[in-house]
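See below for coords.cif, which holds mmCIF, C-alpha atoms (C1' of nucleotides).
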```cif
data_data
loop_
_atom_site.label_atom_id
_atom_site.label_comp_id
_atom_site.auth_asym_id
_atom_site.auth_seq_id
_atom_site.Cartn_x
_atom_site.Cartn_y
_atom_site.Cartn_z
CA MET V 1 120.51 105.02 67.81
CA SER V 2 118.96 101.91 69.35
CA PRO V 3 115.51 102.25 70.90
CA MET V 4 115.10 102.42 74.66
CA THR V 5 113.88 99.15 76.12
CA THR V 6 111.90 98.65 79.29
CA MET V 7 115.06 97.39 80.94
CA ASP V 8 116.97 100.52 80.00
CA LEU V 9 114.24 102.64 81.47
CA LEU V 10 114.14 100.68 84.71
CA GLU V 11 117.90 100.74 85.09
CA ARG V 12 118.02 104.43 84.44
CA THR V 13 115.41 105.02 87.12
CA ILE V 14 117.61 103.27 89.64
CA VAL V 15 120.72 105.18 88.66
CA ARG V 16 118.94 108.52 88.57
CA SER V 17 117.64 107.89 92.09
CA GLY V 18 121.19 107.72 93.40
CA HIS V 19 121.10 103.99 94.08
CA ARG V 20 123.59 101.54 92.66
CA LEU V 21 122.89 99.42 89.67
CA THR V 22 124.15 96.10 90.93
CA THR V 23 124.19 92.69 89.33
CA PRO V 24 121.37 91.24 91.49
CA ARG V 25 119.18 94.26 90.82
CA ARG V 26 119.71 93.95 87.10
CA ARG V 27 118.95 90.26 87.27
CA LEU V 28 115.81 90.83 89.32
CA LEU V 29 114.52 93.44 86.92
CA GLU V 30 114.97 91.04 84.03
CA VAL V 31 113.16 88.33 85.90
CA MET V 32 110.24 90.61 86.80
CA ASP V 33 110.07 91.82 83.25
CA GLY V 34 109.80 88.23 82.09
CA LEU V 35 107.21 87.16 84.65
CA GLY V 36 104.24 88.79 83.00
CA ASP V 37 101.70 91.28 84.23
CA ARG V 38 101.83 90.30 87.87
CA PHE V 39 104.08 88.23 90.07
CA THR V 40 104.66 87.38 93.70
CA ALA V 41 107.87 87.79 95.69
CA ASP V 42 108.16 84.02 95.71
CA GLN V 43 107.95 83.77 91.97
CA VAL V 44 110.71 86.32 91.61
CA LEU V 45 112.81 84.48 94.18
CA ALA V 46 112.29 81.12 92.49
CA ALA V 47 113.21 82.56 89.11
CA SER V 48 116.42 84.15 90.41
CA PRO V 49 118.76 81.41 91.63
CA GLY V 50 121.74 82.81 93.45
CA VAL V 51 119.91 85.91 94.59
CA GLY V 52 119.00 85.93 98.26
CA ARG V 53 115.49 86.17 99.62
CA ALA V 54 116.29 89.40 101.46
CA THR V 55 117.57 91.00 98.30
CA VAL V 56 114.36 90.14 96.50
CA PHE V 57 112.28 91.84 99.17
CA ARG V 58 114.65 94.79 99.52
CA THR V 59 114.66 95.31 95.77
CA LEU V 60 110.91 94.99 95.58
CA ARG V 61 110.58 97.65 98.25
CA LEU V 62 113.06 99.96 96.58
CA MET V 63 111.29 99.61 93.26
CA GLN V 64 108.02 100.51 94.91
CA GLU V 65 109.58 103.61 96.38
CA LEU V 66 110.89 104.54 92.97
CA GLY V 67 107.44 103.95 91.54
CA VAL V 68 108.41 101.32 88.99
CA VAL V 69 106.76 98.47 90.83
CA CYS V 70 103.33 98.61 92.45
CA GLN V 71 101.36 96.31 94.67
CA VAL V 72 98.24 94.55 93.49
CA VAL V 73 95.92 93.58 96.33
CA LEU V 74 94.36 90.30 95.27
CA ASP V 75 90.80 89.24 95.80
CA GLY V 76 91.67 86.92 98.65
CA GLY V 77 93.73 89.58 100.42
CA GLY V 78 97.18 88.50 99.30
CA VAL V 79 99.53 90.83 97.46
CA ALA V 80 101.26 90.55 94.14
CA TYR V 81 103.51 93.00 92.36
CA ARG V 82 103.48 94.58 88.99
CA LEU V 83 106.11 96.26 86.88
CA GLY V 84 105.87 99.59 85.10
CA SER V 85 102.94 102.00 85.24
CA GLY V 86 104.23 104.79 87.43
CA GLY V 87 101.73 107.38 88.59
CA HIS V 88 98.50 106.88 90.40
CA HIS V 89 96.26 104.21 88.94
CA HIS V 90 94.09 101.25 89.83
CA HIS V 91 93.87 97.60 88.85
CA VAL V 92 91.28 95.30 87.41
CA VAL V 93 92.17 91.74 88.28
CA CYS V 94 90.67 88.69 86.59
CA SER V 95 89.69 86.24 89.29
CA GLU V 96 89.89 83.38 86.81
CA CYS V 97 93.21 83.78 85.01
CA GLY V 98 94.83 86.43 87.16
CA ALA V 99 95.31 88.91 84.33
CA VAL V 100 95.75 92.44 85.57
CA SER V 101 95.08 95.63 83.73
CA ASP V 102 95.56 99.21 84.80
CA PHE V 103 93.26 102.15 84.65
CA ALA V 104 93.11 105.68 85.91
CA SER V 105 90.05 107.87 85.93
CA HIS V 106 89.38 111.44 86.84
CA ASP V 107 85.85 110.44 87.74
CA ILE V 108 87.13 108.17 90.47
CA GLU V 109 89.48 110.79 91.83
CA ASP V 110 86.73 113.38 91.87
CA LEU V 111 84.25 111.05 93.47
CA VAL V 112 86.71 110.00 96.14
CA ALA V 113 87.38 113.60 97.04
CA GLU V 114 83.67 114.32 97.15
CA LEU V 115 82.90 111.32 99.35
CA GLY V 116 85.65 112.30 101.72
CA ARG V 117 84.31 115.79 101.95
CA ARG V 118 80.86 114.49 102.83
CA SER V 119 82.27 112.47 105.72
CA GLY V 120 84.30 115.41 107.03
CA PHE V 121 87.65 113.94 105.99
CA GLU V 122 90.37 115.54 103.98
CA ILE V 123 91.35 112.63 101.76
CA ASP V 124 94.95 112.29 100.73
CA SER V 125 95.06 108.80 99.33
CA HIS V 126 92.96 105.78 98.53
CA ARG V 127 93.07 102.21 97.33
CA LEU V 128 90.75 100.77 94.74
CA GLU V 129 90.95 97.35 93.17
CA LEU V 130 88.33 95.75 90.93
CA TYR V 131 87.79 92.02 90.59
CA GLY V 132 85.96 90.22 87.84
CA ARG V 133 86.37 88.13 84.73
CA CYS V 134 88.33 89.39 81.77
CA GLN V 135 87.06 89.38 78.22
CA ARG V 136 89.04 86.31 77.27
CA CYS V 137 87.86 84.23 80.21
CA ARG V 138 84.28 85.27 79.63
CA ALA V 139 84.57 84.18 76.02
CA THR V 140 85.83 80.74 76.96
CA LEU V 141 82.98 78.27 77.11
CA ILE V 142 82.92 75.68 79.82
CA LEU V 143 82.56 72.42 77.88
CA ASP V 144 82.71 69.65 80.43
CA MET J 145 59.85 94.90 126.59
CA SER J 146 63.56 95.71 126.82
CA PRO J 147 65.26 97.17 123.76
CA MET J 148 67.53 95.03 121.61
CA THR J 149 71.19 95.79 122.22
CA THR J 150 74.06 95.36 119.78
CA MET J 151 75.11 92.32 121.74
CA ASP J 152 71.67 90.73 121.42
CA LEU J 153 71.78 91.28 117.71
CA LEU J 154 75.22 89.79 117.33
CA GLU J 155 74.39 86.78 119.46
CA ARG J 156 71.22 86.18 117.52
CA THR J 157 73.12 86.24 114.27
CA ILE J 158 75.36 83.46 115.53
CA VAL J 159 72.48 81.33 116.73
CA ARG J 160 70.46 81.86 113.58
CA SER J 161 73.44 80.72 111.51
CA GLY J 162 73.39 77.36 113.23
CA HIS J 163 76.59 77.92 115.18
CA ARG J 164 76.84 77.60 118.91
CA LEU J 165 76.75 80.54 121.22
CA THR J 166 79.65 79.65 123.47
CA THR J 167 81.18 81.51 126.36
CA PRO J 168 84.36 82.53 124.49
CA ARG J 169 82.32 83.82 121.58
CA ARG J 170 80.13 85.88 123.84
CA ARG J 171 83.19 87.23 125.59
CA LEU J 172 84.91 88.10 122.31
CA LEU J 173 81.85 89.93 121.03
CA GLU J 174 81.75 92.00 124.17
CA VAL J 175 85.42 92.81 123.84
CA MET J 176 85.09 93.83 120.20
CA ASP J 177 82.08 95.90 121.04
CA GLY J 178 84.13 97.70 123.65
CA LEU J 179 87.21 98.24 121.51
CA GLY J 180 85.80 101.07 119.44
CA ASP J 181 85.43 101.54 115.75
CA ARG J 182 88.33 99.39 114.70
CA PHE J 183 90.58 96.83 116.32
CA THR J 184 93.26 94.30 115.48
CA ALA J 185 93.25 90.60 116.28
CA ASP J 186 95.99 91.27 118.81
CA GLN J 187 93.96 93.88 120.60
CA VAL J 188 91.07 91.46 120.89
CA LEU J 189 93.40 88.74 122.11
CA ALA J 190 95.04 91.01 124.69
CA ALA J 191 91.66 92.15 125.98
CA SER J 192 90.35 88.58 126.37
CA PRO J 193 92.48 86.78 128.94
CA GLY J 194 91.72 83.08 129.06
CA VAL J 195 90.62 82.94 125.44
CA GLY J 196 93.10 81.28 123.12
CA ARG J 197 94.73 82.93 120.16
CA ALA J 198 93.25 80.38 117.76
CA THR J 199 89.77 81.04 119.05
CA VAL J 200 90.18 84.75 118.45
CA PHE J 201 91.13 84.17 114.82
CA ARG J 202 88.51 81.48 114.30
CA THR J 203 85.84 83.71 115.74
CA LEU J 204 87.00 86.67 113.71
CA ARG J 205 86.74 84.57 110.57
CA LEU J 206 83.30 83.25 111.47
CA MET J 207 82.06 86.75 112.17
CA GLN J 208 83.30 87.88 108.81
CA GLU J 209 81.46 85.05 107.13
CA LEU J 210 78.32 86.02 108.99
CA GLY J 211 78.85 89.59 107.89
CA VAL J 212 78.98 91.14 111.34
CA VAL J 213 82.68 91.91 111.22
CA CYS J 214 84.51 93.38 108.25
CA GLN J 215 88.13 93.98 107.40
CA VAL J 216 89.62 97.44 107.16
CA VAL J 217 92.71 97.61 104.98
CA LEU J 218 94.96 100.20 106.59
CA ASP J 219 97.07 102.75 104.84
CA GLY J 220 100.27 100.85 105.46
CA GLY J 221 98.80 97.61 104.18
CA GLY J 222 97.95 96.00 107.52
CA VAL J 223 94.45 94.85 108.39
CA ALA J 224 92.14 95.76 111.20
CA TYR J 225 88.60 94.64 111.91
CA ARG J 226 85.38 96.42 112.50
CA LEU J 227 82.09 95.42 114.05
CA GLY J 228 78.63 95.95 112.68
CA SER J 229 77.76 97.44 109.33
CA GLY J 230 76.66 94.45 107.29
CA GLY J 231 76.15 94.96 103.59
CA HIS J 232 78.53 96.35 101.04
CA HIS J 233 80.27 99.56 102.06
CA HIS J 234 83.62 101.29 102.17
CA HIS J 235 85.78 102.91 104.81
CA VAL J 236 87.37 106.27 105.38
CA VAL J 237 90.29 105.91 107.76
CA CYS J 238 91.95 108.78 109.56
CA SER J 239 95.69 108.35 109.23
CA GLU J 240 96.25 110.41 112.35
CA CYS J 241 93.90 109.03 114.98
CA GLY J 242 92.77 105.85 113.26
CA ALA J 243 89.07 106.73 113.34
CA VAL J 244 87.06 104.82 110.78
CA SER J 245 83.78 105.72 109.25
CA ASP J 246 81.65 103.84 106.76
CA PHE J 247 80.03 104.97 103.59
CA ALA J 248 78.25 103.48 100.64
CA SER J 249 77.51 105.22 97.42
CA HIS J 250 75.60 104.32 94.30
CA ASP J 251 77.91 106.59 92.36
CA ILE J 252 80.90 104.46 93.27
CA GLU J 253 79.10 101.26 92.36
CA ASP J 254 78.00 102.67 89.04
CA LEU J 255 81.40 104.04 88.25
CA VAL J 256 83.10 100.77 89.12
CA ALA J 257 80.79 98.88 86.79
CA GLU J 258 81.40 101.40 84.03
CA LEU J 259 85.18 101.26 84.44
CA GLY J 260 85.08 97.48 84.31
CA ARG J 261 83.04 97.57 81.15
CA ARG J 262 85.55 99.86 79.50
CA SER J 263 88.38 97.46 80.25
CA GLY J 264 86.41 94.46 78.99
CA PHE J 265 85.91 92.98 82.45
CA GLU J 266 82.73 91.85 84.06
CA ILE J 267 83.23 93.17 87.57
CA ASP J 268 81.82 91.22 90.45
CA SER J 269 83.53 92.83 93.41
CA HIS J 270 85.87 95.60 94.43
CA ARG J 271 87.74 97.10 97.35
CA LEU J 272 87.90 100.79 98.09
CA GLU J 273 89.43 102.42 101.12
CA LEU J 274 90.00 106.15 101.61
CA TYR J 275 92.73 107.62 103.80
CA GLY J 276 92.92 111.12 105.14
CA ARG J 277 92.49 113.27 108.20
CA CYS J 278 89.22 113.41 110.05
CA GLN J 279 87.43 116.60 111.00
CA ARG J 280 88.55 116.43 114.59
CA CYS J 281 92.25 115.90 113.77
CA ARG J 282 92.16 118.68 111.22
CA ALA J 283 90.73 121.00 113.83
CA THR J 284 93.49 120.25 116.30
CA LEU J 285 96.26 122.79 116.11
CA ILE J 286 99.83 121.67 116.43
CA LEU J 287 101.18 123.82 119.24
CA ASP J 288 104.73 122.69 119.86
"C1'" DT W 289 75.41 62.13 124.96
"C1'" DT W 290 76.99 63.84 120.82
"C1'" DC W 291 79.81 66.53 118.21
"C1'" DT W 292 80.95 71.45 117.83
"C1'" DA W 293 84.18 74.45 119.65
"C1'" DT W 294 88.18 75.29 122.62
"C1'" DG W 295 93.05 75.87 124.43
"C1'" DC W 296 97.51 74.92 123.83
"C1'" DA W 297 101.55 74.56 121.31
"C1'" DA W 298 103.72 73.78 117.31
"C1'" DA W 299 103.70 74.74 112.32
"C1'" DT W 300 103.31 77.95 108.72
"C1'" DG W 301 103.94 81.65 105.22
"C1'" DG W 302 105.53 85.82 104.20
"C1'" DT W 303 108.61 89.44 105.28
"C1'" DT W 304 112.43 91.74 107.97
"C1'" DT W 305 116.81 92.15 110.39
"C1'" DG W 306 121.81 91.46 111.91
"C1'" DC W 307 126.07 90.88 110.34
"C1'" DA W 308 130.32 89.83 108.10
"C1'" DG W 309 131.81 89.95 103.54
"C1'" DT W 310 131.32 91.76 98.49
"C1'" DC W 311 131.33 94.88 94.80
"C1'" DT W 312 129.90 99.36 92.64
"C1'" DA W 313 131.04 104.00 91.83
"C1'" DT R 314 138.75 102.83 98.83
"C1'" DA R 315 134.35 104.02 101.22
"C1'" DG R 316 130.18 102.56 102.14
"C1'" DA R 317 126.11 100.84 99.57
"C1'" DC R 318 124.56 96.31 98.76
"C1'" DT R 319 124.54 91.29 99.26
"C1'" DG R 320 123.74 86.44 101.03
"C1'" DC R 321 122.79 83.78 104.76
"C1'" DA R 322 120.44 82.54 108.68
"C1'" DA R 323 117.90 83.71 112.31
"C1'" DA R 324 114.19 86.57 113.98
"C1'" DC R 325 109.60 88.14 113.47
"C1'" DC R 326 104.73 88.67 113.00
"C1'" DA R 327 100.24 87.35 111.96
"C1'" DT R 328 97.54 83.54 111.13
"C1'" DT R 329 96.60 78.43 110.87
"C1'" DT R 330 96.57 73.60 112.20
"C1'" DG R 331 96.66 69.16 115.07
"C1'" DC R 332 94.97 67.16 118.77
"C1'" DA R 333 93.12 65.88 123.17
"C1'" DT R 334 89.58 67.99 126.06
"C1'" DA R 335 85.58 70.85 127.46
"C1'" DG R 336 80.94 72.21 127.03
"C1'" DA R 337 76.57 73.60 124.13
"C1'" DA R 338 72.47 71.60 122.48
#
```

Output the structure of this file as structure tokens.
Amino acid sequence: MSPMTTMDLLERTIVRSGHRLTTPRRRLLEVMDGLGDRFTADQVLAASPGVGRATVFRTLRLMQELGVVCQVVLDGGGVAYRLGSGGHHHHVVCSECGAVSDFASHDIEDLVAELGRRSGFEIDSHRLELYGRCQRCRATLILD
Amino acid sequence: MSPMTTMDLLERTIVRSGHRLTTPRRRLLEVMDGLGDRFTADQVLAASPGVGRATVFRTLRLMQELGVVCQVVLDGGGVAYRLGSGGHHHHVVCSECGAVSDFASHDIEDLVAELGRRSGFEIDSHRLELYGRCQRCRATLILD
DNA sequence: TTCTATGCAAATGGTTTGCAGTCTA
DNA sequence: TAGACTGCAAACCATTTGCATAGAA
């Protein structure tokens, strides 16, 4: 039997959720899959001629609800999106090349709960994003 | 001698920074000071008749640069602002009543650095916001 | 008296909505 | 065939910009 691709997995998620697997949705998933580790709504729109702006945003929202797309809050405050990685996790974003990588950590979850407790809150969610320079960018010498 | 009020402190910060202490700025500071522990640009605008929309946003931006106003990223993704509390810190936001409280923690800073290291990044900043229910809201029984 | 800062209104950028028509299940 | 989904365009919302004028220093 042929191996399950990312696309198969994504399409299955949609079907399983009771939503319809339409042509635009399939096309958008392919586009997102091809856009790399993070992309904006505009990038998706530009790369999907024939698909309407509203559909891009509606699909993006649906995918977030289904947990197959997540938001990345950028350094400057803007938002980008990212495919895959269901489940709770955080991002490290390279402020130079924009590379994003995921991480999850029990330590963070524990600490967050503890900090909430200290301030009298019962924490039920949180956002954490890290910004810095990735290994590759740090290794690149500035030669000019 | 009379004690230094929050307003004095804020006004001094503006003057020290080389910017002018104008009437609209003074008015906006007063308004923000009166709006509680978090407010939106719209709230400030609505509470400052006679002051233009652009001035509200320009002032908000200046205050952020001076470090006397900071952004609070809300649960839903929107942004609010908050007076005071210079220096690096995080927020705990009550999703029921909107109350915000600040905290800073060496543990978080250390952990963030460590997590960055593990992913090969050199972290130079991060965002962390906690969401939950504050003590007061938790204590309030739902009676209907 | 200079030049920063303002108010207004129009422009912007990103996202959402209304609706008549399309296409999946 | 029903109704979920789409494209289009217009609406929306928050923030920014251009410009002539007002007002701190």

Work out how far CA of Cys94 (chain V) is from CA of Glu266 (chain J), in Å to one decimal.
->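 These two atoms are separated by 8.9 Å.
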
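Each of J:Arg205, J:Arg282, J:His270, J:Arg160 was compared to chain V using only C-alpha atoms, and J:His270 turns out to be the nearest.
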
Using all atoms listed in the file, what residues lie at most 12 Å away from (102.5, 74.5, 111.6) (file coordinates), given as a list in words?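 Output: DA297, DA298, DA299, DT300 and DG301 of chain W; DT328, DT329, DT330 and DG331 of chain R.
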
Test item: residues at most 8 Å from DT312 (chain W), only C-alpha atoms (C1' of nucleotides), excluding those fewer than 5 positions along its chain, as a ChimeraX atom specification
/V:20-22

Suppose you want the space between CA of Arg127 (chain V) and CA of Arg271 (chain J); what is it in Å?
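That distance, rounded to one decimal, is 7.4 Å.
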
Mind writing region 95-117 of chain V to a file for me, with N, CA, C and O atoms, as a PDB file, in the first residue's frame?
```
ATOM      1  N   SER V  95      14.283  36.033  13.561  1.00  0.00           N
ATOM      2  CA  SER V  95      13.925  37.381  13.136  1.00  0.00           C
ATOM      3  C   SER V  95      14.708  37.781  11.898  1.00  0.00           C
ATOM      4  O   SER V  95      14.449  38.822  11.318  1.00  0.00           O
ATOM      5  N   GLU V  96      15.651  36.954  11.483  1.00  0.00           N
ATOM      6  CA  GLU V  96      16.435  37.291  10.300  1.00  0.00           C
ATOM      7  C   GLU V  96      15.847  36.627   9.047  1.00  0.00           C
ATOM      8  O   GLU V  96      15.556  37.294   8.079  1.00  0.00           O
ATOM      9  N   CYS V  97      15.678  35.310   9.103  1.00  0.00           N
ATOM     10  CA  CYS V  97      15.205  34.629   7.897  1.00  0.00           C
ATOM     11  C   CYS V  97      13.755  34.179   7.998  1.00  0.00           C
ATOM     12  O   CYS V  97      13.182  33.713   7.028  1.00  0.00           O
ATOM     13  N   GLY V  98      13.165  34.335   9.162  1.00  0.00           N
ATOM     14  CA  GLY V  98      11.760  33.984   9.303  1.00  0.00           C
ATOM     15  C   GLY V  98      11.489  32.513   9.577  1.00  0.00           C
ATOM     16  O   GLY V  98      10.338  32.120   9.721  1.00  0.00           O
ATOM     17  N   ALA V  99      12.527  31.708   9.638  1.00  0.00           N
ATOM     18  CA  ALA V  99      12.333  30.287   9.921  1.00  0.00           C
ATOM     19  C   ALA V  99      11.578  30.108  11.233  1.00  0.00           C
ATOM     20  O   ALA V  99      11.783  30.859  12.180  1.00  0.00           O
ATOM     21  N   VAL V 100      10.703  29.126  11.260  1.00  0.00           N
ATOM     22  CA  VAL V 100       9.943  28.856  12.463  1.00  0.00           C
ATOM     23  C   VAL V 100      10.199  27.427  12.880  1.00  0.00           C
ATOM     24  O   VAL V 100      10.239  26.534  12.049  1.00  0.00           O
ATOM     25  N   SER V 101      10.407  27.215  14.171  1.00  0.00           N
ATOM     26  CA  SER V 101      10.394  25.831  14.606  1.00  0.00           C
ATOM     27  C   SER V 101       9.552  25.670  15.851  1.00  0.00           C
ATOM     28  O   SER V 101       9.318  26.613  16.587  1.00  0.00           O
ATOM     29  N   ASP V 102       9.004  24.495  16.017  1.00  0.00           N
ATOM     30  CA  ASP V 102       8.062  24.244  17.105  1.00  0.00           C
ATOM     31  C   ASP V 102       8.761  23.675  18.314  1.00  0.00           C
ATOM     32  O   ASP V 102       9.793  23.035  18.189  1.00  0.00           O
ATOM     33  N   PHE V 103       8.175  23.864  19.455  1.00  0.00           N
ATOM     34  CA  PHE V 103       8.625  23.129  20.627  1.00  0.00           C
ATOM     35  C   PHE V 103       7.490  23.038  21.629  1.00  0.00           C
ATOM     36  O   PHE V 103       6.565  23.843  21.617  1.00  0.00           O
ATOM     37  N   ALA V 104       7.577  22.057  22.475  1.00  0.00           N
ATOM     38  CA  ALA V 104       6.617  21.921  23.553  1.00  0.00           C
ATOM     39  C   ALA V 104       7.476  21.556  24.755  1.00  0.00           C
ATOM     40  O   ALA V 104       8.552  20.992  24.605  1.00  0.00           O
ATOM     41  N   SER V 105       7.027  21.913  25.928  1.00  0.00           N
ATOM     42  CA  SER V 105       7.849  21.650  27.095  1.00  0.00           C
ATOM     43  C   SER V 105       6.990  21.562  28.335  1.00  0.00           C
ATOM     44  O   SER V 105       6.186  22.446  28.600  1.00  0.00           O
ATOM     45  N   HIS V 106       7.145  20.494  29.052  1.00  0.00           N
ATOM     46  CA  HIS V 106       6.400  20.340  30.297  1.00  0.00           C
ATOM     47  C   HIS V 106       6.796  21.413  31.281  1.00  0.00           C
ATOM     48  O   HIS V 106       5.986  21.898  32.058  1.00  0.00           O
ATOM     49  N   ASP V 107       8.078  21.783  31.240  1.00  0.00           N
ATOM     50  CA  ASP V 107       8.568  22.806  32.159  1.00  0.00           C
ATOM     51  C   ASP V 107       7.774  24.091  32.009  1.00  0.00           C
ATOM     52  O   ASP V 107       7.380  24.727  32.984  1.00  0.00           O
ATOM     53  N   ILE V 108       7.555  24.473  30.757  1.00  0.00           N
ATOM     54  CA  ILE V 108       6.801  25.701  30.511  1.00  0.00           C
ATOM     55  C   ILE V 108       5.386  25.568  31.059  1.00  0.00           C
ATOM     56  O   ILE V 108       4.892  26.440  31.764  1.00  0.00           O
ATOM     57  N   GLU V 109       4.761  24.450  30.748  1.00  0.00           N
ATOM     58  CA  GLU V 109       3.374  24.264  31.190  1.00  0.00           C
ATOM     59  C   GLU V 109       3.291  24.323  32.710  1.00  0.00           C
ATOM     60  O   GLU V 109       2.413  24.957  33.276  1.00  0.00           O
ATOM     61  N   ASP V 110       4.237  23.665  33.354  1.00  0.00           N
ATOM     62  CA  ASP V 110       4.244  23.656  34.816  1.00  0.00           C
ATOM     63  C   ASP V 110       4.450  25.057  35.379  1.00  0.00           C
ATOM     64  O   ASP V 110       3.765  25.492  36.298  1.00  0.00           O
ATOM     65  N   LEU V 111       5.413  25.742  34.786  1.00  0.00           N
ATOM     66  CA  LEU V 111       5.753  27.072  35.269  1.00  0.00           C
ATOM     67  C   LEU V 111       4.577  28.028  35.097  1.00  0.00           C
ATOM     68  O   LEU V 111       4.263  28.828  35.989  1.00  0.00           O
ATOM     69  N   VAL V 112       3.919  27.925  33.962  1.00  0.00           N
ATOM     70  CA  VAL V 112       2.771  28.773  33.683  1.00  0.00           C
ATOM     71  C   VAL V 112       1.673  28.555  34.732  1.00  0.00           C
ATOM     72  O   VAL V 112       1.105  29.505  35.264  1.00  0.00           O
ATOM     73  N   ALA V 113       1.430  27.303  35.018  1.00  0.00           N
ATOM     74  CA  ALA V 113       0.411  26.988  36.017  1.00  0.00           C
ATOM     75  C   ALA V 113       0.804  27.567  37.378  1.00  0.00           C
ATOM     76  O   ALA V 113      -0.011  28.166  38.077  1.00  0.00           O
ATOM     77  N   GLU V 114       2.062  27.413  37.706  1.00  0.00           N
ATOM     78  CA  GLU V 114       2.577  27.902  38.984  1.00  0.00           C
ATOM     79  C   GLU V 114       2.481  29.429  39.087  1.00  0.00           C
ATOM     80  O   GLU V 114       2.064  29.974  40.108  1.00  0.00           O
ATOM     81  N   LEU V 115       2.842  30.106  38.009  1.00  0.00           N
ATOM     82  CA  LEU V 115       2.795  31.564  38.010  1.00  0.00           C
ATOM     83  C   LEU V 115       1.359  32.050  38.128  1.00  0.00           C
ATOM     84  O   LEU V 115       1.076  33.023  38.829  1.00  0.00           O
ATOM     85  N   GLY V 116       0.468  31.352  37.460  1.00  0.00           N
ATOM     86  CA  GLY V 116      -0.938  31.713  37.569  1.00  0.00           C
ATOM     87  C   GLY V 116      -1.406  31.581  39.002  1.00  0.00           C
ATOM     88  O   GLY V 116      -2.011  32.490  39.565  1.00  0.00           O
ATOM     89  N   ARG V 117      -1.075  30.478  39.595  1.00  0.00           N
ATOM     90  CA  ARG V 117      -1.473  30.201  40.963  1.00  0.00           C
ATOM     91  C   ARG V 117      -1.030  31.338  41.888  1.00  0.00           C
ATOM     92  O   ARG V 117      -1.794  31.851  42.692  1.00  0.00           O
TER      93      ARG V 117
END
```
